[in-house]
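Next comes target-v6.txt, with compact mmCIF, C-alpha atoms.
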```txt
# COMPACT_ATOMS: atom_id res chain seq x y z
CA MET Y 230 -123.39 107.30 -23.77
CA LYS Y 231 -120.90 110.00 -22.77
CA THR Y 232 -122.73 110.33 -19.45
CA LYS Y 233 -121.99 106.64 -18.78
CA ILE Y 234 -118.30 107.22 -19.61
CA GLU Y 235 -118.22 110.13 -17.15
CA ILE Y 236 -119.67 107.88 -14.45
CA ILE Y 237 -117.04 105.18 -15.19
CA LEU Y 238 -114.24 107.75 -14.98
CA LYS Y 239 -115.54 109.10 -11.68
CA GLU Y 240 -115.85 105.61 -10.16
CA ILE Y 241 -112.43 104.43 -11.32
CA ILE Y 242 -110.54 107.55 -10.28
CA SER Y 243 -112.18 107.35 -6.85
CA ILE Y 244 -110.58 103.94 -6.15
CA ILE Y 245 -107.02 104.98 -7.01
CA HIS Y 246 -104.87 104.53 -3.93
CA LYS Y 247 -101.60 105.81 -5.38
CA GLU Y 248 -100.27 109.37 -5.25
CA GLN Y 249 -97.73 109.00 -8.07
CA TYR Y 250 -95.56 106.23 -9.44
CA SER Y 251 -93.27 105.17 -6.59
CA GLY Y 252 -90.77 102.94 -8.41
CA ASN Y 253 -87.00 103.25 -8.21
CA ARG Y 254 -85.87 106.13 -10.43
CA HIS Y 255 -82.53 104.36 -10.99
CA ASP Y 256 -84.33 101.37 -12.51
CA ILE Y 257 -86.71 103.19 -14.83
CA GLY Y 258 -84.83 106.42 -15.57
CA GLU Y 259 -85.62 110.06 -14.85
CA ASP Y 260 -87.41 110.63 -18.16
CA VAL Y 261 -89.79 107.70 -17.66
CA LEU Y 262 -90.48 108.71 -14.06
CA PHE Y 263 -91.27 112.28 -15.17
CA ALA Y 264 -93.61 111.01 -17.91
CA LEU Y 265 -95.48 108.73 -15.50
CA ASN Y 266 -95.93 111.35 -12.78
CA TYR Y 267 -96.79 114.22 -15.14
CA SER Y 268 -99.41 112.02 -16.82
CA PHE Y 269 -100.73 110.89 -13.43
CA ASP Y 270 -101.17 114.46 -12.18
CA THR Y 271 -102.96 115.51 -15.37
CA THR Y 272 -105.06 112.41 -15.93
CA ILE Y 273 -105.95 111.32 -12.39
CA LYS Y 274 -105.57 114.33 -10.11
CA ASN Y 275 -107.01 116.88 -12.53
CA ASN Y 276 -109.27 114.40 -14.36
CA GLU Y 277 -108.76 116.08 -17.71
CA TYR Y 278 -107.49 115.10 -21.14
CA SER Y 279 -104.07 116.39 -22.17
CA LYS Y 280 -102.53 115.49 -25.53
CA ALA Y 281 -99.07 116.11 -24.08
CA ALA Y 282 -99.73 113.63 -21.26
CA TYR Y 283 -101.24 111.10 -23.69
CA ASP Y 284 -98.21 111.31 -26.00
CA LEU Y 285 -95.77 110.97 -23.10
CA ILE Y 286 -97.47 107.91 -21.69
CA THR Y 287 -97.73 106.32 -25.14
CA SER Y 288 -93.98 106.73 -25.63
CA VAL Y 289 -93.36 105.03 -22.27
CA ILE Y 290 -95.59 102.09 -23.22
CA ASP Y 291 -93.84 101.70 -26.58
CA ARG Y 292 -90.40 101.65 -24.93
CA ILE Y 293 -91.41 99.19 -22.21
CA TRP Y 294 -93.22 96.96 -24.76
CA GLU Y 295 -89.95 96.49 -26.64
CA ARG Y 296 -88.11 95.52 -23.47
CA LEU Y 297 -90.86 93.10 -22.41
CA ASN Y 298 -90.56 91.26 -25.73
CA ILE Y 299 -86.80 90.73 -25.67
CA GLY Y 300 -85.44 87.43 -24.32
CA CYS Y 301 -87.25 84.94 -22.07
CA TRP Y 302 -90.39 86.09 -20.26
CA LYS Y 303 -89.32 84.64 -16.91
CA ASP Y 304 -86.23 86.88 -16.98
CA VAL Y 305 -88.19 90.13 -17.43
CA PRO Y 306 -87.56 92.44 -14.42
CA GLU Y 307 -90.64 92.93 -12.27
CA TYR Y 308 -90.28 96.71 -12.28
CA LEU Y 309 -90.78 96.78 -16.07
CA ARG Y 310 -94.08 94.95 -15.70
CA SER Y 311 -95.10 97.36 -12.94
CA VAL Y 312 -94.32 100.38 -15.15
CA TYR Y 313 -96.22 98.82 -18.05
CA ALA Y 314 -99.36 98.26 -15.95
CA PHE Y 315 -99.23 101.78 -14.49
CA ALA Y 316 -98.71 103.39 -17.90
CA SER Y 317 -101.45 101.26 -19.50
CA PHE Y 318 -103.95 102.38 -16.89
CA LEU Y 319 -103.08 106.05 -17.40
CA LYS Y 320 -103.34 105.74 -21.19
CA ALA Y 321 -106.73 104.01 -20.99
CA ILE Y 322 -108.10 106.73 -18.68
CA SER Y 323 -106.69 109.43 -20.98
CA LEU Y 324 -108.44 107.78 -23.95
CA LEU Y 325 -111.76 107.87 -22.09
CA GLN Y 326 -111.23 111.54 -21.27
CA PHE Y 327 -110.53 112.22 -24.93
CA THR Y 328 -113.71 110.35 -25.89
CA LEU Y 329 -115.76 112.90 -23.94
CA GLN Y 330 -114.41 115.59 -26.28
CA ASP Y 331 -114.57 113.57 -29.51
CA VAL Y 332 -117.50 113.27 -31.90
CA ASP Y 333 -120.14 110.65 -31.10
CA GLU Y 334 -119.27 108.58 -34.18
CA ASN Y 335 -115.90 107.67 -32.65
CA ILE Y 336 -117.11 106.55 -29.22
CA GLU Y 337 -117.15 102.81 -29.96
CA LYS Y 338 -113.71 102.95 -31.63
CA ASN Y 339 -112.24 104.83 -28.67
CA LEU Y 340 -113.78 102.45 -26.14
CA LYS Y 341 -112.32 99.44 -27.97
CA HIS Y 342 -108.90 101.11 -28.06
CA SER Y 343 -109.06 101.85 -24.35
CA LEU Y 344 -110.13 98.27 -23.52
CA LYS Y 345 -107.28 96.87 -25.63
CA VAL Y 346 -104.80 98.99 -23.66
CA LEU Y 347 -106.27 97.80 -20.35
CA ASP Y 348 -106.10 94.13 -21.34
CA LYS Y 349 -102.47 94.45 -22.40
CA GLY Y 350 -101.79 95.97 -19.00
CA LEU Y 351 -103.46 92.99 -17.33
CA LEU Y 352 -101.71 90.43 -19.53
CA LEU Y 353 -98.20 91.87 -19.28
CA GLY Y 354 -98.28 93.98 -16.13
CA ASN Y 355 -98.14 93.00 -12.46
CA SER Y 356 -99.75 95.91 -10.60
CA LEU Y 357 -102.98 97.95 -10.44
CA ARG Y 358 -104.92 94.78 -11.21
CA THR Y 359 -108.08 95.94 -9.43
CA GLU Y 360 -108.13 99.26 -11.25
CA LEU Y 361 -107.34 97.70 -14.64
CA SER Y 362 -109.85 94.88 -14.20
CA GLN Y 363 -112.74 97.03 -12.97
CA THR Y 364 -112.26 99.57 -15.75
CA ALA Y 365 -112.06 96.82 -18.37
CA SER Y 366 -115.26 95.18 -17.07
CA SER Y 367 -117.14 98.49 -17.22
CA LEU Y 368 -115.99 99.15 -20.80
CA CYS Y 369 -116.84 95.59 -21.86
CA ALA Y 370 -120.43 96.07 -20.65
CA LEU Y 371 -120.64 99.44 -22.42
CA LEU Y 372 -119.38 97.92 -25.68
CA TYR Y 373 -121.89 95.09 -25.45
CA SER Y 374 -124.69 97.65 -25.29
CA PHE Y 375 -123.34 99.01 -28.59
CA SER Y 376 -123.43 95.56 -30.19
CA LYS Y 377 -127.00 94.99 -29.02
CA SER Y 378 -128.16 98.30 -30.44
CA SER Y 379 -126.57 97.42 -33.80
CA ASN Y 380 -128.20 93.94 -33.84
CA SER Y 381 -124.83 92.18 -34.02
CA GLU Y 382 -125.86 89.33 -31.74
CA LEU Y 383 -125.78 85.88 -33.28
CA ASP Y 384 -128.90 83.88 -33.93
CA SER Y 385 -129.79 81.55 -31.06
CA PHE Y 386 -128.85 78.64 -33.34
CA TYR Y 387 -125.22 79.40 -32.60
CA GLN Y 388 -124.84 77.38 -29.49
CA LEU Y 389 -121.40 75.82 -29.10
CA LYS Y 390 -122.97 72.37 -28.95
CA ASN Y 391 -124.42 72.86 -32.47
CA ILE Y 392 -121.02 73.29 -34.14
CA GLN Y 393 -120.01 70.04 -35.86
CA ASN Y 394 -116.52 69.16 -37.09
CA GLU Y 395 -114.82 66.06 -38.46
CA VAL Y 396 -112.57 64.58 -35.80
CA LYS Y 397 -109.31 62.74 -36.37
CA SER Y 398 -109.38 59.15 -35.10
CA ALA Y 399 -106.59 57.11 -33.58
CA SER Y 400 -107.58 53.63 -34.65
CA MET Y 401 -104.06 52.19 -34.39
CA LEU Y 402 -103.98 52.51 -30.62
CA LYS Y 403 -104.93 49.76 -28.21
CA THR Y 404 -106.20 51.32 -25.01
CA CYS Y 405 -107.83 50.49 -21.69
CA VAL Y 406 -110.80 52.47 -20.42
CA LEU Y 407 -109.90 54.59 -17.40
CA SER Y 408 -111.91 53.85 -14.27
CA SER Y 409 -114.70 56.23 -13.25
CA ILE Y 410 -116.37 57.11 -9.96
CA VAL Y 411 -119.42 59.19 -9.07
CA CYS Y 412 -118.70 62.18 -6.81
CA PRO Y 413 -116.44 60.51 -4.20
CA SER Y 414 -116.00 62.00 -0.76
CA ILE Y 415 -112.77 63.89 -0.13
CA GLU Y 416 -111.61 61.08 2.16
CA LEU Y 417 -112.27 58.36 -0.44
CA PHE Y 418 -110.63 60.41 -3.20
CA HIS Y 419 -107.60 61.04 -0.99
CA VAL Y 420 -107.09 57.44 0.04
CA ASN Y 421 -107.80 55.69 -3.28
CA TYR Y 422 -106.50 58.16 -5.87
CA PHE Y 423 -104.72 61.30 -4.63
CA LYS Y 424 -102.39 59.59 -2.19
CA LYS Y 425 -101.60 56.76 -4.64
CA HIS Y 426 -101.27 59.03 -7.70
CA ILE Y 427 -103.92 57.09 -9.64
CA PRO Y 428 -105.88 58.92 -12.36
CA VAL Y 429 -109.66 58.66 -12.37
CA LYS Y 430 -112.67 60.14 -14.11
CA LEU Y 431 -115.04 61.93 -11.71
CA THR Y 432 -118.73 62.38 -12.56
CA GLY Y 433 -121.52 64.24 -10.81
CA CYS Y 434 -119.18 66.66 -9.04
CA ILE Y 435 -119.79 69.94 -10.88
CA ASN Y 436 -123.39 69.70 -12.06
CA HIS Y 437 -124.23 72.74 -9.93
CA TRP Y 438 -121.86 75.06 -11.86
CA PRO Y 439 -123.75 77.85 -13.71
CA ALA Y 440 -121.13 77.59 -16.48
CA LEU Y 441 -122.60 74.26 -17.60
CA GLN Y 442 -125.71 76.10 -18.79
CA LYS Y 443 -124.34 79.54 -19.59
CA TRP Y 444 -121.15 78.86 -21.55
CA TYR Y 445 -122.96 77.05 -24.36
CA ASN Y 446 -124.53 80.35 -25.33
CA ILE Y 447 -122.12 82.26 -27.55
CA ASN Y 448 -124.04 85.51 -27.03
CA TYR Y 449 -123.48 85.12 -23.27
CA ILE Y 450 -119.73 84.79 -23.90
CA PHE Y 451 -119.87 87.84 -26.18
CA GLU Y 452 -121.62 89.81 -23.44
CA LYS Y 453 -119.19 88.86 -20.70
CA VAL Y 454 -115.87 88.71 -22.56
CA GLY Y 455 -116.41 89.34 -26.29
CA PRO Y 456 -114.24 92.48 -26.66
CA ARG Y 457 -111.51 91.24 -24.30
CA LEU Y 458 -108.01 90.65 -25.65
CA VAL Y 459 -106.47 87.19 -25.16
CA PRO Y 460 -103.41 85.24 -26.42
CA VAL Y 461 -104.50 82.56 -28.91
CA GLU Y 462 -102.23 79.72 -30.06
CA ILE Y 463 -102.21 79.31 -33.85
CA GLY Y 464 -101.24 75.91 -35.27
CA SER Y 465 -101.86 72.21 -34.77
CA SER Y 466 -99.92 72.01 -31.47
CA TYR Y 467 -97.11 73.76 -29.61
CA THR Y 468 -94.55 71.26 -30.95
CA SER Y 469 -95.30 72.10 -34.59
CA SER Y 470 -92.99 74.27 -36.67
CA ASN Y 471 -95.95 76.45 -37.72
CA TRP Y 472 -97.01 77.20 -34.14
CA SER Y 473 -97.35 80.83 -33.06
CA GLN Y 474 -99.34 83.07 -30.73
CA LYS Y 475 -101.48 86.07 -31.56
CA LEU Y 476 -103.42 88.58 -29.49
CA MET Y 477 -107.06 88.93 -30.55
CA THR Y 478 -110.46 89.60 -29.02
CA ILE Y 479 -112.50 86.62 -27.88
CA ARG Y 480 -115.27 87.63 -30.27
CA TYR Y 481 -112.86 87.61 -33.23
CA PHE Y 482 -111.49 84.24 -32.06
CA ILE Y 483 -114.98 82.68 -31.89
CA GLU Y 484 -116.16 84.11 -35.18
CA ASN Y 485 -113.04 83.15 -37.15
CA PHE Y 486 -111.75 79.97 -35.48
CA ILE Y 487 -114.86 78.29 -34.05
CA ILE Y 488 -117.98 79.37 -35.96
CA SER Y 489 -116.53 80.04 -39.40
CA SER Y 490 -116.91 77.27 -41.98
CA GLU Y 491 -113.78 78.54 -43.76
CA LYS Y 492 -111.25 77.92 -41.01
CA LYS Y 493 -107.77 77.62 -42.55
CA GLN Y 494 -105.87 77.32 -39.26
CA ILE Y 495 -106.56 75.94 -35.81
CA GLY Y 496 -106.75 78.51 -33.04
CA TYR Y 497 -106.69 77.55 -29.36
CA LEU Y 498 -107.11 79.67 -26.25
CA ALA Y 499 -104.91 77.32 -24.27
CA GLN Y 500 -103.58 77.37 -20.72
CA HIS Y 501 -104.67 80.95 -20.19
CA GLN Y 502 -105.41 82.33 -16.71
CA LEU Y 503 -108.59 84.01 -17.91
CA PHE Y 504 -110.03 84.34 -14.41
CA ASN Y 505 -107.09 86.47 -13.29
CA GLN Y 506 -107.79 88.77 -16.21
CA ILE Y 507 -111.61 88.65 -16.01
CA PRO Y 508 -112.51 87.66 -12.42
CA GLU Y 509 -116.28 88.07 -12.87
CA LEU Y 510 -116.30 84.76 -14.79
CA LEU Y 511 -115.48 83.06 -11.49
CA ASP Y 512 -119.16 83.45 -10.61
CA ASP Y 513 -119.89 80.67 -13.11
CA ILE Y 514 -117.61 77.99 -11.64
CA ARG Y 515 -116.44 76.71 -8.27
CA GLU Y 516 -113.04 75.46 -7.21
CA PRO Y 517 -113.44 71.69 -6.61
CA GLU Y 518 -113.22 70.75 -2.94
CA TYR Y 519 -110.59 68.11 -3.76
CA CYS Y 520 -108.09 70.95 -4.29
CA VAL Y 521 -107.80 71.35 -0.50
CA LEU Y 522 -105.73 68.16 -0.43
CA SER Y 523 -101.95 68.52 -0.49
CA GLU Y 524 -98.78 66.52 -0.14
CA ASP Y 525 -96.99 69.59 1.22
CA TYR Y 526 -99.30 71.88 3.18
CA VAL Y 527 -96.42 74.10 4.34
CA ASN Y 528 -95.37 75.09 0.81
CA SER Y 529 -98.76 74.88 -0.88
CA ILE Y 530 -99.41 78.13 -2.78
CA GLY Y 531 -103.01 77.76 -3.88
CA THR Y 532 -104.63 76.64 -7.12
CA ASP Y 533 -103.81 77.78 -10.66
CA MET Y 534 -106.89 77.93 -12.89
CA ASN Y 535 -106.49 77.87 -16.67
CA VAL Y 536 -109.02 77.80 -19.50
CA TRP Y 537 -108.83 75.70 -22.68
CA PHE Y 538 -111.24 76.93 -25.33
CA GLY Y 539 -111.25 76.05 -29.01
CA PRO Y 540 -112.82 74.18 -31.93
CA ALA Y 541 -112.70 70.44 -32.55
CA ASN Y 542 -109.26 68.92 -33.16
CA THR Y 543 -107.26 71.16 -30.88
CA VAL Y 544 -104.45 69.02 -29.49
CA SER Y 545 -102.20 69.04 -26.46
CA PRO Y 546 -99.41 66.60 -27.44
CA LEU Y 547 -98.22 63.87 -25.11
CA HIS Y 548 -96.66 65.58 -22.08
CA TYR Y 549 -96.69 65.66 -18.28
CA ASP Y 550 -97.15 68.39 -15.65
CA PRO Y 551 -95.47 68.66 -12.23
CA LYS Y 552 -98.68 69.35 -10.26
CA HIS Y 553 -101.95 67.62 -9.44
CA ASN Y 554 -104.54 68.44 -12.09
CA LEU Y 555 -108.32 68.36 -12.23
CA LEU Y 556 -109.55 68.94 -15.78
CA ALA Y 557 -113.21 70.02 -15.73
CA GLN Y 558 -115.21 69.76 -18.96
CA ILE Y 559 -117.78 72.55 -19.35
CA VAL Y 560 -118.75 72.51 -23.04
CA GLY Y 561 -118.23 69.80 -25.67
CA SER Y 562 -116.14 66.66 -25.34
CA LYS Y 563 -112.51 65.62 -25.19
CA ARG Y 564 -110.50 62.42 -25.53
CA VAL Y 565 -107.58 61.96 -23.18
CA TYR Y 566 -104.88 59.29 -23.32
CA LEU Y 567 -102.86 58.67 -20.13
CA ILE Y 568 -99.61 56.78 -19.51
CA ASP Y 569 -97.98 55.91 -16.20
CA PRO Y 570 -94.81 57.94 -15.41
CA LEU Y 571 -93.04 54.65 -14.67
CA LEU Y 572 -92.96 54.20 -18.45
CA SER Y 573 -91.32 57.58 -19.12
CA LYS Y 574 -88.13 56.03 -20.48
CA ASN Y 575 -90.19 54.53 -23.33
CA LEU Y 576 -91.77 57.81 -24.41
CA TYR Y 577 -88.83 59.65 -26.02
CA SER Y 578 -89.07 63.09 -24.47
CA TYR Y 579 -87.37 66.01 -26.22
CA ASP Y 580 -83.80 66.89 -25.29
CA ASP Y 581 -84.74 70.56 -25.60
CA THR Y 582 -84.85 72.22 -22.18
CA LEU Y 583 -88.14 73.96 -23.04
CA LEU Y 584 -89.83 70.71 -24.09
CA PHE Y 585 -88.29 68.32 -21.57
CA ASN Y 586 -91.77 67.30 -20.37
CA THR Y 587 -93.07 66.58 -23.90
CA SER Y 588 -92.78 63.39 -25.93
CA GLN Y 589 -91.58 63.34 -29.55
CA VAL Y 590 -94.15 60.63 -30.26
CA ASP Y 591 -97.33 61.34 -32.21
CA LEU Y 592 -99.48 59.11 -30.05
CA GLU Y 593 -102.37 59.10 -32.55
CA ASN Y 594 -100.10 57.90 -35.35
CA PRO Y 595 -97.19 56.11 -33.63
CA ASP Y 596 -94.06 55.25 -35.60
CA TYR Y 597 -92.95 51.98 -34.01
CA GLN Y 598 -89.85 51.75 -36.18
CA LYS Y 599 -88.58 55.12 -35.05
CA PHE Y 600 -89.81 54.64 -31.47
CA PRO Y 601 -89.69 50.86 -30.83
CA LYS Y 602 -90.06 51.15 -27.05
CA LEU Y 603 -93.64 52.28 -27.57
CA LYS Y 604 -94.74 48.72 -28.22
CA ASN Y 605 -96.73 47.08 -25.44
CA ILE Y 606 -97.10 50.33 -23.45
CA LYS Y 607 -100.37 50.41 -21.53
CA ILE Y 608 -102.46 53.42 -22.51
CA PHE Y 609 -105.57 54.48 -20.61
CA GLU Y 610 -108.33 56.27 -22.49
CA CYS Y 611 -110.88 58.68 -21.05
CA HIS Y 612 -113.70 60.55 -22.78
CA LEU Y 613 -114.92 63.70 -21.05
CA GLU Y 614 -118.42 65.08 -21.50
CA PRO Y 615 -119.93 68.24 -19.96
CA GLY Y 616 -119.98 67.90 -16.17
CA ASP Y 617 -117.11 65.37 -16.04
CA MET Y 618 -113.73 65.91 -14.40
CA LEU Y 619 -110.48 64.02 -14.89
CA TYR Y 620 -107.91 63.73 -12.13
CA ILE Y 621 -104.38 63.63 -13.59
CA PRO Y 622 -101.69 63.02 -10.94
CA PRO Y 623 -98.26 64.70 -11.19
CA LYS Y 624 -95.93 63.34 -13.88
CA TRP Y 625 -98.64 61.25 -15.56
CA TRP Y 626 -98.27 61.60 -19.31
CA HIS Y 627 -101.40 62.74 -21.14
CA HIS Y 628 -102.46 63.55 -24.69
CA VAL Y 629 -105.67 65.57 -25.22
CA ARG Y 630 -107.82 66.10 -28.31
CA SER Y 631 -111.05 68.09 -28.49
CA LEU Y 632 -113.79 66.05 -30.17
CA SER Y 633 -116.01 69.11 -30.68
CA ALA Y 634 -115.99 72.81 -29.91
CA SER Y 635 -114.83 72.62 -26.33
CA PHE Y 636 -114.44 74.73 -23.18
CA SER Y 637 -112.52 73.25 -20.24
CA VAL Y 638 -111.03 74.55 -16.99
CA SER Y 639 -107.98 72.99 -15.34
CA PHE Y 640 -107.10 73.28 -11.65
CA TRP Y 641 -103.41 72.75 -10.84
CA TRP Y 642 -102.16 72.51 -7.29
CA ASN Y 643 -99.36 70.89 -5.30
```
When written as structure tokens, how does the structure in this file appear?
Amino acid sequence: MKTKIEIILKEIISIIHKEQYSGNRHDIGEDVLFALNYSFDTTIKNNEYSKAAYDLITSVIDRIWERLNIGCWKDVPEYLRSVYAFASFLKAISLLQFTLQDVDENIEKNLKHSLKVLDKGLLLGNSLRTELSQTASSLCALLYSFSKSSNSELDSFYQLKNIQNEVKSASMLKTCVLSSIVCPSIELFHVNYFKKHIPVKLTGCINHWPALQKWYNINYIFEKVGPRLVPVEIGSSYTSSNWSQKLMTIRYFIENFIISSEKKQIGYLAQHQLFNQIPELLDDIREPEYCVLSEDYVNSIGTDMNVWFGPANTVSPLHYDPKHNLLAQIVGSKRVYLIDPLLSKNLYSYDDTLLFNTSQVDLENPDYQKFPKLKNIKIFECHLEPGDMLYIPPKWWHHVRSLSASFSVSFWWN
């Protein structure tokens, strides 16, 4: 096993294109700059473990972590994220170098620690993404070989489609079934739906995606991403008072929030750019060809891809998004309610600046006395099964509930 770690270290160090950290010393401070460059020289140039370098880089990470978690994320200076990514990479490499000197019994523990550091660098940092990602992928594969040797794979019964849960109904609502079309041409989709901002269910468009067969298998997910660290939402929805976020491995998330029969809370891997963190998963999906369409080709900046993975009864409350959205259903099923943006004045959005695009209304249990304008609103209903996609135009209100364990990918573009 240590031979494999040596090979990983050699490969990763060979792709480093930096000499030392080149950030502005006035931004980060002389002491941080010294710690980064001393650790770089020891860890990368000399390719050797140094406790002094490890301690220095750990102190830098701890200081930057505190600054990253103060105030609003959008106001965090970019140089802090750059320092965090650089320091995380150095610490992870140092941990691997230490593992070569440590006793064999600690190898798995050290690999997990190193991978956790790398994932935090990817989640919070903004540089060295290739180096961080490639190292993390190599360690993930190494850790999976440990789990196989210890027979920790799940029985083949544990397919996501076999997990059953009681689903909350919304019997009070009167809805209309959303129209559906089988794999329209780009021209037809553009003329009849995209250009007119009309939602539609699309079938037969993504049947060729490998994910439709592979992502049902929980052991496949464990192999590809099991030890990877992700931000999971805890609580019924992001508007609830008990809502929070917690970092955990995908394996822990699956075992405790999806498979476990003793689930006390709902956990949801929601709106996470997993493919930026773990790009090898992109081999299992394809960006829909409809995403080439735009209403502003000059300022179009590409497609944002997010994953939505969780048990039955995860909820995205009634809200709207500013971009075009294709929601692709890979595993399980979802129920989506849609409301025309022309009816926005009847939907009682929050006054809060953070929730301005979210309605106060519980659409599954509407209080018509408190929200009288809800009466006679036309609501479209759409059920998504594996292989289906839903086109949601900008500003269209939508409420989403998972009807089973579910894995979806959304494509947002302008």
Would you list the contacts of Y:Lys443 as an MDAnalysis selection string, taking every protein, DNA or RNA residue within 12 Å and counting all atoms listed in the file, but skipping same-chain residues closer than 6 positions in sequence? chainID Y and resid 388:390 437 449:453 510 512:514 559:560 636
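Atom CA of Y:Pro540 is found 6.9 Å from atom CA of Y:Phe486.
Counting only C-alpha atoms and comparing Y:Ser470, Y:Gln330, Y:Thr432, Y:Ser465, the residue that lies closest to Y:Lys231 is Y:Gln330.
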For stretch 494-550 of chain Y versus stretch 472-480 of chain Y, which residues have an atom no more than 10 Å away, and what is each residue's nearest atom pair and distance in Å rounded to one decimal, using only C-alpha atoms, chain-then-number order, as JSON lines?
```
{"residue": "Y:Ile495", "atom": "CA", "partner": "Y:Trp472", "partner_atom": "CA", "distance": 9.8}
{"residue": "Y:Gly496", "atom": "CA", "partner": "Y:Gln474", "partner_atom": "CA", "distance": 9.0}
{"residue": "Y:Tyr497", "atom": "CA", "partner": "Y:Gln474", "partner_atom": "CA", "distance": 9.3}
{"residue": "Y:Leu498", "atom": "CA", "partner": "Y:Ile479", "partner_atom": "CA", "distance": 8.9}
```
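Between Y:Glu610 and the residues Y:Leu592, Y:Lys552, Y:Tyr308, Y:Ser367, the shortest atom-to-atom distance, using only C-alpha atoms, involves Y:Leu592.
Of the residues under consideration (Y:Gln598, Y:Trp537, Y:Thr543, Y:Asp591), Y:Thr543 shows the shortest atom-to-atom contact distance to Y:Ser633 when counting only C-alpha atoms.
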Expressed in Å to a single decimal, how great is the separation between atom CA of Y:Leu431 and atom CA of Y:Met618? 5.0 Å
Show which residues sit within 12 Å of Y:Ser529, as a PDB file with C-alpha atoms, in the frame of the given file. Count only C-alpha atoms, and ignore same-chain residues fewer than 5 positions away.
```pdb
ATOM      1  CA  CYS Y 520    -108.090  70.950  -4.290  1.00  0.00           C
ATOM      2  CA  VAL Y 521    -107.800  71.350  -0.500  1.00  0.00           C
ATOM      3  CA  LEU Y 522    -105.730  68.160  -0.430  1.00  0.00           C
ATOM      4  CA  SER Y 523    -101.950  68.520  -0.490  1.00  0.00           C
ATOM      5  CA  GLU Y 524     -98.780  66.520  -0.140  1.00  0.00           C
ATOM      6  CA  LYS Y 552     -98.680  69.350 -10.260  1.00  0.00           C
ATOM      7  CA  HIS Y 553    -101.950  67.620  -9.440  1.00  0.00           C
ATOM      8  CA  TRP Y 641    -103.410  72.750 -10.840  1.00  0.00           C
ATOM      9  CA  TRP Y 642    -102.160  72.510  -7.290  1.00  0.00           C
ATOM     10  CA  ASN Y 643     -99.360  70.890  -5.300  1.00  0.00           C
TER      11      ASN Y 643
END
```
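Closest approach to Y:Lys493 from the set Y:Ile257, Y:Leu319, Y:Ser637, Y:Ile463 is made by Y:Ile463, with distances taken over all atoms listed in the file.
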Please report the interatomic distance between atom CA of Y:Ser545 and atom CA of Y:Arg630 in Å with one decimal. 6.6 Å
Once N, CA and C atoms are restored for stretch 339-350 of chain Y, what would the output be as a PDB file, in the frame of the given file?
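Output file out_32.pdb is given in full below:
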```pdb
ATOM      1  N   ASN Y 339    -113.069 104.414 -29.799  1.00  0.00           N
ATOM      2  CA  ASN Y 339    -112.240 104.830 -28.670  1.00  0.00           C
ATOM      3  C   ASN Y 339    -112.367 103.885 -27.480  1.00  0.00           C
ATOM      4  N   LEU Y 340    -113.573 103.402 -27.235  1.00  0.00           N
ATOM      5  CA  LEU Y 340    -113.780 102.450 -26.140  1.00  0.00           C
ATOM      6  C   LEU Y 340    -113.018 101.150 -26.392  1.00  0.00           C
ATOM      7  N   LYS Y 341    -113.051 100.660 -27.629  1.00  0.00           N
ATOM      8  CA  LYS Y 341    -112.320  99.440 -27.970  1.00  0.00           C
ATOM      9  C   LYS Y 341    -110.813  99.639 -27.803  1.00  0.00           C
ATOM     10  N   HIS Y 342    -110.330 100.808 -28.214  1.00  0.00           N
ATOM     11  CA  HIS Y 342    -108.900 101.110 -28.060  1.00  0.00           C
ATOM     12  C   HIS Y 342    -108.513 101.133 -26.586  1.00  0.00           C
ATOM     13  N   SER Y 343    -109.332 101.777 -25.777  1.00  0.00           N
ATOM     14  CA  SER Y 343    -109.060 101.850 -24.350  1.00  0.00           C
ATOM     15  C   SER Y 343    -109.067 100.465 -23.709  1.00  0.00           C
ATOM     16  N   LEU Y 344    -110.036  99.624 -24.074  1.00  0.00           N
ATOM     17  CA  LEU Y 344    -110.130  98.270 -23.520  1.00  0.00           C
ATOM     18  C   LEU Y 344    -108.923  97.434 -23.925  1.00  0.00           C
ATOM     19  N   LYS Y 345    -108.475  97.592 -25.158  1.00  0.00           N
ATOM     20  CA  LYS Y 345    -107.280  96.870 -25.630  1.00  0.00           C
ATOM     21  C   LYS Y 345    -106.065  97.243 -24.796  1.00  0.00           C
ATOM     22  N   VAL Y 346    -105.921  98.527 -24.488  1.00  0.00           N
ATOM     23  CA  VAL Y 346    -104.800  98.990 -23.660  1.00  0.00           C
ATOM     24  C   VAL Y 346    -104.887  98.386 -22.258  1.00  0.00           C
ATOM     25  N   LEU Y 347    -106.083  98.363 -21.687  1.00  0.00           N
ATOM     26  CA  LEU Y 347    -106.270  97.800 -20.350  1.00  0.00           C
ATOM     27  C   LEU Y 347    -105.919  96.315 -20.311  1.00  0.00           C
ATOM     28  N   ASP Y 348    -106.370  95.569 -21.320  1.00  0.00           N
ATOM     29  CA  ASP Y 348    -106.100  94.130 -21.340  1.00  0.00           C
ATOM     30  C   ASP Y 348    -104.610  93.843 -21.506  1.00  0.00           C
ATOM     31  N   LYS Y 349    -103.921  94.631 -22.293  1.00  0.00           N
ATOM     32  CA  LYS Y 349    -102.470  94.450 -22.400  1.00  0.00           C
ATOM     33  C   LYS Y 349    -101.806  94.729 -21.058  1.00  0.00           C
ATOM     34  N   GLY Y 350    -102.323  95.714 -20.338  1.00  0.00           N
ATOM     35  CA  GLY Y 350    -101.790  95.970 -19.000  1.00  0.00           C
ATOM     36  C   GLY Y 350    -102.012  94.813 -18.051  1.00  0.00           C
TER      37      GLY Y 350
END
```
